[in-house]
$ cat coords28.txt   # compact mmCIF, C-alpha atoms and all ligand atoms
# COMPACT_ATOMS: atom_id res chain seq x y z
CA MET R 1211 95.76 88.38 117.71
CA ARG R 1212 97.36 91.76 117.14
CA ALA R 1213 100.77 90.46 118.28
CA LEU R 1214 100.52 87.55 115.88
CA SER R 1215 99.55 89.88 113.05
CA LEU R 1216 102.51 92.14 113.76
CA LEU R 1217 104.86 89.17 113.82
CA PHE R 1218 103.58 88.08 110.43
CA ILE R 1219 104.26 91.54 109.04
CA LEU R 1220 107.77 91.67 110.50
CA LEU R 1221 108.56 88.28 108.98
CA ALA R 1222 107.00 89.07 105.64
CA VAL R 1223 108.64 92.42 104.91
CA PRO R 1224 112.29 91.28 104.73
CA ALA R 1225 111.33 88.34 102.50
CA LEU R 1226 109.58 90.66 100.07
CA ALA R 1227 112.38 93.20 100.13
CA GLN R 1228 115.05 90.61 99.41
CA GLY R 1229 113.26 88.15 97.18
CA VAL R 1230 111.15 90.19 94.77
CA GLU R 1231 112.52 92.52 92.15
CA LEU R 1232 109.71 94.76 90.94
CA VAL R 1233 109.89 95.55 87.23
CA THR R 1234 108.96 99.17 86.51
CA GLU R 1235 109.75 99.35 82.80
CA VAL R 1236 108.92 97.02 79.90
CA ARG R 1237 108.90 97.34 76.12
CA ALA R 1238 106.37 95.94 73.65
CA ASP R 1239 105.00 96.83 70.23
CA LEU R 1240 101.33 96.49 71.10
CA ASP R 1241 100.07 98.60 68.18
CA GLU R 1242 102.22 96.56 65.78
CA ASP R 1243 103.67 99.55 63.93
CA GLY R 1244 107.14 98.04 64.00
CA VAL R 1245 108.40 100.30 66.82
CA GLN R 1246 108.37 99.19 70.43
CA GLU R 1247 106.65 101.38 73.02
CA THR R 1248 108.24 101.84 76.42
CA TYR R 1249 105.96 101.42 79.45
CA THR R 1250 107.34 103.09 82.57
CA LEU R 1251 105.75 102.98 86.02
CA ARG R 1252 106.47 106.03 88.16
CA GLU R 1253 106.76 105.82 91.95
CA ASN R 1254 103.41 107.60 92.34
CA GLY R 1255 101.55 104.98 90.26
CA ASP R 1256 101.42 106.93 87.00
CA LEU R 1257 102.10 104.91 83.85
CA VAL R 1258 104.04 106.56 81.03
CA VAL R 1259 103.68 105.13 77.52
CA SER R 1260 106.19 106.44 75.01
CA GLU R 1261 107.38 105.71 71.50
CA ALA R 1262 109.61 107.63 69.12
CA GLY R 1263 108.02 111.08 68.85
CA TRP R 1264 105.22 110.79 71.40
CA GLU R 1265 104.48 110.18 75.07
CA ARG R 1266 101.24 109.80 77.02
CA VAL R 1267 100.73 109.54 80.77
CA VAL R 1268 98.03 107.53 82.50
CA SER R 1269 97.71 109.32 85.84
CA ASP R 1270 96.94 107.13 88.84
CA ALA R 1271 97.19 103.89 86.86
CA ALA R 1272 98.14 101.75 89.85
CA PHE R 1273 97.68 101.62 93.62
CA VAL R 1274 100.84 102.51 95.58
CA GLY R 1275 101.14 102.05 99.34
CA PRO R 1276 103.79 103.12 101.84
CA VAL R 1277 105.10 99.72 102.94
CA ALA R 1278 106.83 96.79 101.23
CA GLY R 1279 104.34 94.64 99.36
CA GLN R 1280 102.27 97.63 98.24
CA GLN R 1281 104.27 98.63 95.17
CA PRO R 1282 102.94 97.98 91.65
CA SER R 1283 104.93 96.34 88.86
CA LEU R 1284 104.92 95.66 85.13
CA GLY R 1285 105.31 92.45 83.16
CA ILE R 1286 104.72 90.83 79.77
CA SER R 1287 102.19 88.03 79.29
CA VAL R 1288 102.89 84.85 77.34
CA LEU R 1289 100.87 86.35 74.46
CA GLY R 1290 102.93 89.55 74.48
CA SER R 1291 100.49 91.90 76.25
CA VAL R 1292 101.64 94.30 78.95
CA LEU R 1293 100.63 93.40 82.51
CA LEU R 1294 100.19 95.98 85.26
CA THR R 1295 99.88 94.58 88.78
CA SER R 1296 98.78 96.47 91.90
CA MET R 1297 98.81 94.73 95.26
CA ASN R 1298 98.62 94.78 99.00
CA GLU R 1299 100.80 91.89 100.13
CA GLY R 1300 102.38 93.83 102.97
CA LEU R 1301 99.93 95.06 105.57
CA GLY R 1302 96.76 94.07 107.36
CA ARG R 1303 94.21 91.39 106.58
CA ASP R 1304 92.95 92.90 103.32
CA ARG R 1305 95.49 91.20 101.04
CA ARG R 1306 94.81 91.58 97.34
CA SER R 1307 96.41 91.53 93.93
CA MET R 1308 94.98 93.03 90.75
CA THR R 1309 96.51 92.57 87.30
CA LEU R 1310 95.40 94.51 84.24
CA THR R 1311 96.15 93.13 80.78
CA ILE R 1312 96.91 95.99 78.38
CA ALA R 1313 96.52 95.35 74.65
CA HIS R 1314 95.93 97.37 71.46
CA ARG R 1315 92.49 96.61 70.05
CA GLN R 1316 89.92 98.52 67.99
CA GLY R 1317 92.40 101.29 67.24
CA ASP R 1318 93.49 102.08 70.79
CA TRP R 1319 95.31 100.83 73.86
CA ARG R 1320 92.76 99.15 76.12
CA ILE R 1321 92.32 97.29 79.39
CA ALA R 1322 91.67 93.91 77.78
CA GLY R 1323 91.79 91.72 80.87
CA TYR R 1324 91.22 92.01 84.59
CA ASN R 1325 92.46 89.53 87.17
CA TYR R 1326 91.84 89.92 90.89
CA ASP R 1327 92.60 87.85 93.98
CA PHE R 1328 91.97 88.56 97.64
CA TYR R 1329 92.47 86.65 100.86
CA ASP R 1330 92.67 87.13 104.61
CA PRO R 1331 95.98 85.85 106.05
CA MET R 1332 94.27 85.36 109.43
CA ASP R 1333 91.27 83.45 108.03
CA PRO R 1334 91.96 80.77 105.40
CA ASP R 1335 88.21 80.49 104.72
CA THR R 1336 88.03 84.03 103.30
CA TRP R 1337 89.26 84.30 99.72
CA GLY R 1338 88.22 85.17 96.19
CA HIS R 1339 89.46 84.95 92.64
CA CYS R 1340 88.30 86.54 89.42
CA ASP R 1341 89.52 86.53 85.84
CA LEU R 1342 87.70 88.61 83.20
CA ASN R 1343 88.26 89.01 79.46
CA LEU R 1344 86.96 92.53 78.77
CA LEU R 1345 87.19 92.01 74.99
CA THR R 1346 84.76 89.08 75.00
CA GLY R 1347 82.83 89.85 78.19
CA GLU R 1348 83.56 86.37 79.47
CA GLY R 1349 85.02 85.54 82.81
CA VAL R 1350 84.96 83.52 85.97
CA ALA R 1351 84.78 84.53 89.62
CA GLU R 1352 84.63 82.54 92.80
CA THR R 1353 84.80 83.21 96.52
CA ASN R 1354 84.83 80.96 99.55
CA GLU R 1355 81.02 81.14 99.35
CA GLY R 1356 80.94 79.69 95.84
CA PRO R 1357 81.12 80.59 92.15
CA LEU R 1358 79.69 83.86 90.83
CA ALA R 1359 78.55 85.10 87.43
CA PRO R 1360 80.56 88.28 86.85
CA VAL R 1361 79.49 90.86 84.27
CA ALA R 1362 82.61 92.11 82.52
CA PRO R 1363 82.57 95.78 81.40
CA SER R 1364 83.65 96.47 77.83
CA ALA R 1365 87.37 97.08 77.40
CA PRO R 1366 87.97 100.76 78.34
CA PRO R 1367 90.74 102.79 76.70
CA LEU R 1368 93.88 102.60 78.83
CA TRP R 1369 93.92 106.41 79.04
CA ASN R 1370 90.61 106.46 80.94
CA TRP R 1371 91.75 104.07 83.67
CA ARG R 1372 92.07 105.46 87.22
CA ALA R 1373 92.99 103.14 90.07
CA SER R 1374 91.62 105.45 92.77
CA GLU R 1375 88.17 105.55 91.15
CA LEU R 1376 87.68 101.88 91.91
CA PRO R 1377 85.66 101.15 95.03
CA LEU R 1378 87.62 99.57 97.84
CA PRO R 1379 88.29 96.75 97.83
CA MET R 1380 89.22 96.85 94.18
CA GLY R 1381 87.61 93.53 93.35
CA ASN R 1382 84.02 94.81 93.37
CA ILE R 1383 84.15 94.88 89.55
CA CYS R 1384 84.31 91.08 89.70
CA PHE R 1385 81.91 90.34 92.47
CA ASP R 1386 78.78 92.02 91.19
CA GLY R 1387 78.35 94.58 93.91
CA ARG R 1388 78.83 92.13 96.72
CA VAL R 1389 80.66 93.40 99.76
CA VAL R 1390 83.83 91.38 99.96
CA PRO R 1391 86.57 91.68 102.60
CA CA F 1 104.51 100.51 68.47
$ encode --input "coords28.txt" --output "structure tokens"
Amino acid sequence: MRALSLLFILLAVPALAQGVELVTEVRADLDEDGVQETYTLRENGDLVVSEAGWERVVSDAAFVGPVAGQQPSLGISVLGSVLLTSMNEGLGRDRRSMTLTIAHRQGDWRIAGYNYDFYDPMDPDTWGHCDLNLLTGEGVAETNEGPLAPVAPSAPPLWNWRASELPLPMGNICFDGRVVP
């Protein structure tokens, strides 16, 4: 089993290194003041938000691991929000991906959405998915054991977010305290 797992890792790493370009800087005018902010992800997982005349740093905004497939990235949603994705797609059986949707609501930058997936590459019957709207409190979650009724927390200010304060695995926010792989 261990040999097979190692082979999977050796095969997966070159594909990730060659095929995926991780975006670490995006621009968007989330507060709609007519000036775009720049969102920059540092190698240590800090997120820098800057606009003409000001800059703020969200320390420890994203999980960063040492191997390929464990680096976070930024994106823009179809509705124009900023997306911050942390993942482990590179090592072990605890594969996961978490995407935060960042938007400007109620006078501040907030975590407006939370999307989480996990799976075990050695066990196709172990998986979970969750998608929460933290502005409305609505969301869906499901694992291989069936659908769940997640309780979405209210949208926290972006500046309060800390990736390392989440319990491991990171998806516990979706799965109502259940222990998931
Ligand atoms: Ca702006």
$ residues_near_ligand --input "coords28.txt" --ligand "ligand CA 1 (chain F)" --cutoff "8 Å" --atoms "all atoms listed in the file" --output "PyMOL selection string"
chain R and resi 1238-1247+1261
$ write_last_selection --input "coords28.txt" --atoms "C-alpha atoms" --output "PDB file, in the coordinates of the input"
ATOM      1  CA  ALA R1238     106.370  95.940  73.650  1.00  0.00           C
ATOM      2  CA  ASP R1239     105.000  96.830  70.230  1.00  0.00           C
ATOM      3  CA  LEU R1240     101.330  96.490  71.100  1.00  0.00           C
ATOM      4  CA  ASP R1241     100.070  98.600  68.180  1.00  0.00           C
ATOM      5  CA  GLU R1242     102.220  96.560  65.780  1.00  0.00           C
ATOM      6  CA  ASP R1243     103.670  99.550  63.930  1.00  0.00           C
ATOM      7  CA  GLY R1244     107.140  98.040  64.000  1.00  0.00           C
ATOM      8  CA  VAL R1245     108.400 100.300  66.820  1.00  0.00           C
ATOM      9  CA  GLN R1246     108.370  99.190  70.430  1.00  0.00           C
ATOM     10  CA  GLU R1247     106.650 101.380  73.020  1.00  0.00           C
ATOM     11  CA  GLU R1261     107.380 105.710  71.500  1.00  0.00           C
TER      12      GLU R1261
END
$ residues_near_point --input "coords28.txt" --point "(104.9, 108.2, 92.0)" --cutoff "12 Å" --atoms "only C-alpha atoms" --output "number ranges by chain"
R: 1234, 1250-1258, 1268-1276, 1281-1282
$ closest_atom_pairs --input "coords28.txt" --of "range 1228-1322 of chain R" --to "range 1350-1369 of chain R" --cutoff "9 Å" --atoms "all atoms listed in the file" --output "Markdown table"
| residue | atom | partner | partner_atom | distance |
| --- | --- | --- | --- | --- |
| R:Arg1266 | CA | R:Trp1369 | CA | 8.3 |
| R:Val1267 | CA | R:Trp1369 | CA | 7.7 |
| R:Val1268 | CA | R:Trp1369 | CA | 5.5 |
| R:Ser1269 | CA | R:Trp1369 | CA | 8.3 |
| R:Ala1271 | CA | R:Leu1368 | CA | 8.8 |
| R:Ile1312 | CA | R:Leu1368 | CA | 7.3 |
| R:Ala1313 | CA | R:Leu1368 | CA | 8.8 |
| R:Arg1315 | CA | R:Ala1365 | CA | 9.0 |
| R:Asp1318 | CA | R:Pro1367 | CA | 6.6 |
| R:Trp1319 | CA | R:Leu1368 | CA | 5.5 |
| R:Arg1320 | CA | R:Pro1367 | CA | 4.2 |
| R:Ile1321 | CA | R:Ala1365 | CA | 5.3 |
| R:Ala1322 | CA | R:Ala1365 | CA | 5.4 |
$ axis_aligned_box --input "coords28.txt" --around "range 1308-1311 of chain R" --padding-each-side "4 Å" --output "JSON"
{"center_x": 95.7, "center_y": 93.5, "center_z": 85.8, "size_x": 9.5, "size_y": 9.9, "size_z": 18.0}
$ closest_residue --input "coords28.txt" --among "R:Pro1331, R:Gly1323, R:Leu1294, R:Ile1286" --to "Arg1306 in chain R" --atoms "all atoms listed in the file"
R:Pro1331
$ closest_residue --input "coords28.txt" --among "R:Tyr1249, R:Tyr1329, R:Tyr1324, R:Trp1264" --to "Glu1348 in chain R" --atoms "all atoms listed in the file"
R:Tyr1324
$ residues_around --input "coords28.txt" --residues "Gly1279 in chain R" --least-positions-apart "4" --cutoff "6 Å" --atoms "all atoms listed in the file" --output "number ranges by chain"
R: 1298-1300
$ write_last_selection --input "coords28.txt" --atoms "C-alpha atoms" --output "JSON list (two decimals), in the frame of the given file"
[["chain", "number", "residue", "atom", "x", "y", "z"],
["R", 1298, "ASN", "CA", 98.62, 94.78, 99.00],
["R", 1299, "GLU", "CA", 100.80, 91.89, 100.13],
["R", 1300, "GLY", "CA", 102.38, 93.83, 102.97]]
$ atom_distance --input "coords28.txt" --atom1 "CA of Arg1237 in chain R" --atom2 "CA of Leu1289 in chain R"
13.7 Å
$ closest_residue --input "coords28.txt" --among "R:Gly1317, R:Glu1235, R:Ser1307, R:Tyr1326" --to "Val1259 in chain R" --atoms "all atoms listed in the file"
R:Glu1235
$ atom_distance --input "coords28.txt" --atom1 "CA of Ser1287 in chain R" --atom2 "CA of Pro1334 in chain R"
29.0 Å
$ atom_distance --input "coords28.txt" --atom1 "CA of Arg1303 in chain R" --atom2 "CA of Thr1336 in chain R"
10.2 Å
$ closest_residue --input "coords28.txt" --among "R:Leu1232, R:Gly1347, R:His1314, R:Trp1337" --to "Gly1290 in chain R" --atoms "only C-alpha atoms"
R:His1314
$ closest_residue --input "coords28.txt" --among "R:Gly1349, R:Gly1302, R:Gly1285, R:Gly1263" --to "Asp1330 in chain R" --atoms "all atoms listed in the file"
R:Gly1302
$ closest_residue --input "coords28.txt" --among "R:Thr1309, R:Ser1374, R:Gln1280, R:Gln1316" --to "Val1292 in chain R" --atoms "all atoms listed in the file"
R:Thr1309
$ decode --input "coords28.txt" --residues "range 1267-1314 of chain R" --atoms "C-alpha atoms" --output "PDB file, in the first residue's frame"
ATOM      1  CA  VAL R1267      -1.977  42.430   5.704  1.00  0.00           C
ATOM      2  CA  VAL R1268      -4.010  39.379   6.658  1.00  0.00           C
ATOM      3  CA  SER R1269      -1.424  37.214   8.412  1.00  0.00           C
ATOM      4  CA  ASP R1270      -1.781  33.470   7.923  1.00  0.00           C
ATOM      5  CA  ALA R1271      -4.642  33.809   5.444  1.00  0.00           C
ATOM      6  CA  ALA R1272      -3.945  30.517   3.678  1.00  0.00           C
ATOM      7  CA  PHE R1273      -2.438  27.099   4.362  1.00  0.00           C
ATOM      8  CA  VAL R1274       0.988  26.579   2.741  1.00  0.00           C
ATOM      9  CA  GLY R1275       2.740  23.203   2.639  1.00  0.00           C
ATOM     10  CA  PRO R1276       6.238  22.182   1.586  1.00  0.00           C
ATOM     11  CA  VAL R1277       5.436  20.051  -1.473  1.00  0.00           C
ATOM     12  CA  ALA R1278       3.792  20.663  -4.848  1.00  0.00           C
ATOM     13  CA  GLY R1279       0.015  20.710  -4.537  1.00  0.00           C
ATOM     14  CA  GLN R1280       0.091  22.485  -1.174  1.00  0.00           C
ATOM     15  CA  GLN R1281       0.412  26.063  -2.393  1.00  0.00           C
ATOM     16  CA  PRO R1282      -2.537  28.487  -2.181  1.00  0.00           C
ATOM     17  CA  SER R1283      -3.752  30.662  -5.048  1.00  0.00           C
ATOM     18  CA  LEU R1284      -6.031  33.570  -5.887  1.00  0.00           C
ATOM     19  CA  GLY R1285      -8.788  33.951  -8.463  1.00  0.00           C
ATOM     20  CA  ILE R1286     -11.835  36.009  -9.424  1.00  0.00           C
ATOM     21  CA  SER R1287     -15.355  34.566  -9.340  1.00  0.00           C
ATOM     22  CA  VAL R1288     -17.890  35.016 -12.123  1.00  0.00           C
ATOM     23  CA  LEU R1289     -19.589  37.656  -9.944  1.00  0.00           C
ATOM     24  CA  GLY R1290     -16.332  39.562  -9.459  1.00  0.00           C
ATOM     25  CA  SER R1291     -15.448  38.473  -5.904  1.00  0.00           C
ATOM     26  CA  VAL R1292     -11.909  37.491  -4.941  1.00  0.00           C
ATOM     27  CA  LEU R1293     -11.325  33.776  -4.365  1.00  0.00           C
ATOM     28  CA  LEU R1294      -8.604  32.432  -2.073  1.00  0.00           C
ATOM     29  CA  THR R1295      -7.934  28.700  -2.348  1.00  0.00           C
ATOM     30  CA  SER R1296      -5.855  26.576   0.040  1.00  0.00           C
ATOM     31  CA  MET R1297      -5.276  22.914  -0.731  1.00  0.00           C
ATOM     32  CA  ASN R1298      -3.513  19.667  -0.142  1.00  0.00           C
ATOM     33  CA  GLU R1299      -3.457  17.950  -3.523  1.00  0.00           C
ATOM     34  CA  GLY R1300       0.114  16.748  -3.170  1.00  0.00           C
ATOM     35  CA  LEU R1301       0.703  14.446  -0.236  1.00  0.00           C
ATOM     36  CA  GLY R1302      -0.942  11.677   1.742  1.00  0.00           C
ATOM     37  CA  ARG R1303      -4.538  10.541   1.873  1.00  0.00           C
ATOM     38  CA  ASP R1304      -5.959  13.710   3.441  1.00  0.00           C
ATOM     39  CA  ARG R1305      -6.628  15.549   0.176  1.00  0.00           C
ATOM     40  CA  ARG R1306      -8.629  18.739   0.529  1.00  0.00           C
ATOM     41  CA  SER R1307      -9.383  22.055  -1.093  1.00  0.00           C
ATOM     42  CA  MET R1308     -10.871  25.111   0.602  1.00  0.00           C
ATOM     43  CA  THR R1309     -11.956  28.257  -1.237  1.00  0.00           C
ATOM     44  CA  LEU R1310     -12.909  31.475   0.514  1.00  0.00           C
ATOM     45  CA  THR R1311     -15.039  34.039  -1.315  1.00  0.00           C
ATOM     46  CA  ILE R1312     -13.972  37.560  -0.332  1.00  0.00           C
ATOM     47  CA  ALA R1313     -16.452  40.396  -0.860  1.00  0.00           C
ATOM     48  CA  HIS R1314     -17.112  43.889   0.535  1.00  0.00           C
TER      49      HIS R1314
END
